[in-house]
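S.K.: What follows is a structure written as structure tokens; I'll ask about it next.
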Amino acid sequence: VKKLTFSDVSFYLEEFEDDNELGYLNIQQLSKKFNNWKSVNNALNAKSVELKKEKGDDHEIMATEFLLIMMEINPTGNGLTIAQIEMFDGLYEAHKTSGSVDRVACEKVFKELGMTVNDELELLFNSQRPAGRLLMDLIILAAERNTAVEENELSVLSLNDVVTAINEFIKMDNNNDCLLSPKEYENYVDTSRTVFKGSEETVEKAKHCLSKFDDIQTINALDYIKAVFFIQNHTNELKA
């Protein structure tokens with residue numbers, strides 16, 4: 001039976017409400033709702049064509065219908081652990097200067113995650129995208145296919161968390177070079193520091209995490225995801 005978790009519903013409703021002044025989505029808005037999430041965006045494009053044929057160009061998609069659509073296409077993956085994320089980090093560091101990502105190295109990472117190369121992954125490999133952009137797509141694809149973790153495991157960034165972190169990263173990346181400069185990430189670091197009000201031990205861990213942003217020129221998407229991982233893992237204590 002297909003279902004949406006509480007986290008799924010919250011995530012999708014936030015996306016539904018984003019830039020939605022009329023209280024509904026039209027078909028064109030639906031097809032552009034997840035531009036940075038390749039597989040879901042493709043599924044929504046196909047759904048938009050279907051809805052246009054069935055209900056016309058002026059069909060208004062309310063929140064309940066949007067959730068039903070997302071339930072229909074919602075991936076089954078449970079996200080990634082920090083160790084799995086770091087596998088992609090190493091992949092990026094090894095190939096960032098080449099302008100792309102080595103196919104054999106990518107296949108090795110996916111094999112270690114227990115995933116085979118399907119048509120969708122094949123298209124990504126052949127897309128000739130820059131290393132930074134390709135790795136963002138690859139990590140989302142891995143998160144939406146990875147079922148080797150428990151749904152409620154605390155040490156996992158959920159698929160929604162991964163997608164949200166990458167969306168935030170892309171919004172901060174003003175020059176679209178798939179890297180954040182100190183100027184681009186300074187607001188994130190300043191805001192993050194304001195939430196660290198937990199125990200002395202947690203505050204020290206937080207300072208250590210954010211110190212990775214100090215005195216460096218750029219942060220890649222996976223460095224940012226790992227910072228988000230820390231903050232989420234300690235949310236309850238940090239807000240205590």
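Each chain in the structure tokens gets a letter, A, B and so on, in the order shown; residues start at 1 in every chain, and ligands are counted from 1 in the order they appear.
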Write out as a PyMOL selection string each polymer residue whose atoms come within 12 Å of A:Ala142, counting only C-alpha atoms; drop sequence neighbours fewer than 5 positions from it.
M.R.: chain A and resi 37+39+75-81+84-85+87-88+106-107+109-118+120-121+135-137+147-148+157-159+162-163
S.K.: Write out as an NGL selection string all residues of stretch 25-238 of chain A that backbone DSSP assigns to helix (DSSP H, G or I).
M.R.: :A and (27-31 or 38-55 or 63-73 or 82-98 or 103-112 or 119-125 or 131-145 or 159-172 or 182-193 or 200-211 or 221-233 or 235-238)
S.K.: Excluding stretch 12-18 of chain A and residues on its chain fewer than 4 positions from it, collect all residues at most 12 Å away from it, counting only C-alpha atoms, and give them as a PyMOL selection string.
M.R.: chain A and resi 4-8+22-26+29-30+32-35+40+61-71+74+160-161+163-164+167
S.K.: Which distance in Å separates atom CA of A:Ala227 and atom CA of A:Leu91, to one decimal?
M.R.: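 Taking atom CA of A:Ala227 as the start and atom CA of A:Leu91 as the end point, the length is 18.1 Å.
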S.K.: With distances taken over only C-alpha atoms, which residue among A:Lys108, A:Arg103, A:Arg145, A:Lys2 lies nearest A:Phe125?
M.R.: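 Ranking A:Lys108, A:Arg103, A:Arg145, A:Lys2 by distance to A:Phe125, first place goes to A:Arg103.
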S.K.: Tell me which of A:Asn126, A:Leu179, A:His59, A:Leu210 sits closest to A:Thr191, counting only C-alpha atoms.
M.R.: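 Nearest candidate to A:Thr191 out of A:Asn126, A:Leu179, A:His59, A:Leu210: A:Leu210.
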S.K.: Mind pulling up the distance from atom CA of A:Glu72 to atom CA of A:Val9?
M.R.: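 A separation of 13.0 Å between them.
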S.K.: Write down as a count of residues only the residues of stretch 20-167 of chain A whose backbone DSSP state falls under strand (DSSP E or B).
M.R.: 6
S.K.: So what do you get for atom CA of A:Ala46 versus atom CA of A:Pro130, distance-wise?
M.R.: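 Going from atom CA of A:Ala46 over to atom CA of A:Pro130 covers 26.4 Å.
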S.K.: Calculated over only C-alpha atoms, which of the candidates A:Ala143, A:Val156, A:Ala221, A:Ala83 has the smallest distance to A:Asn176?
M.R.: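 The shortest atom-to-atom distance to A:Asn176 comes from A:Ala221.
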S.K.: Identify which of the residues A:Ala165, A:Leu124, A:Glu200, A:Arg129 lies closest to A:Asp223, counting only C-alpha atoms when measuring atom-to-atom distances.
M.R.: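 The closest residue to A:Asp223 is A:Ala165.
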S.K.: Calculated over only C-alpha atoms, which of the candidates A:Asn175, A:Asp89, A:Gly56, A:Arg133 has the smallest distance to A:Ile225?
M.R.: A:Asp89
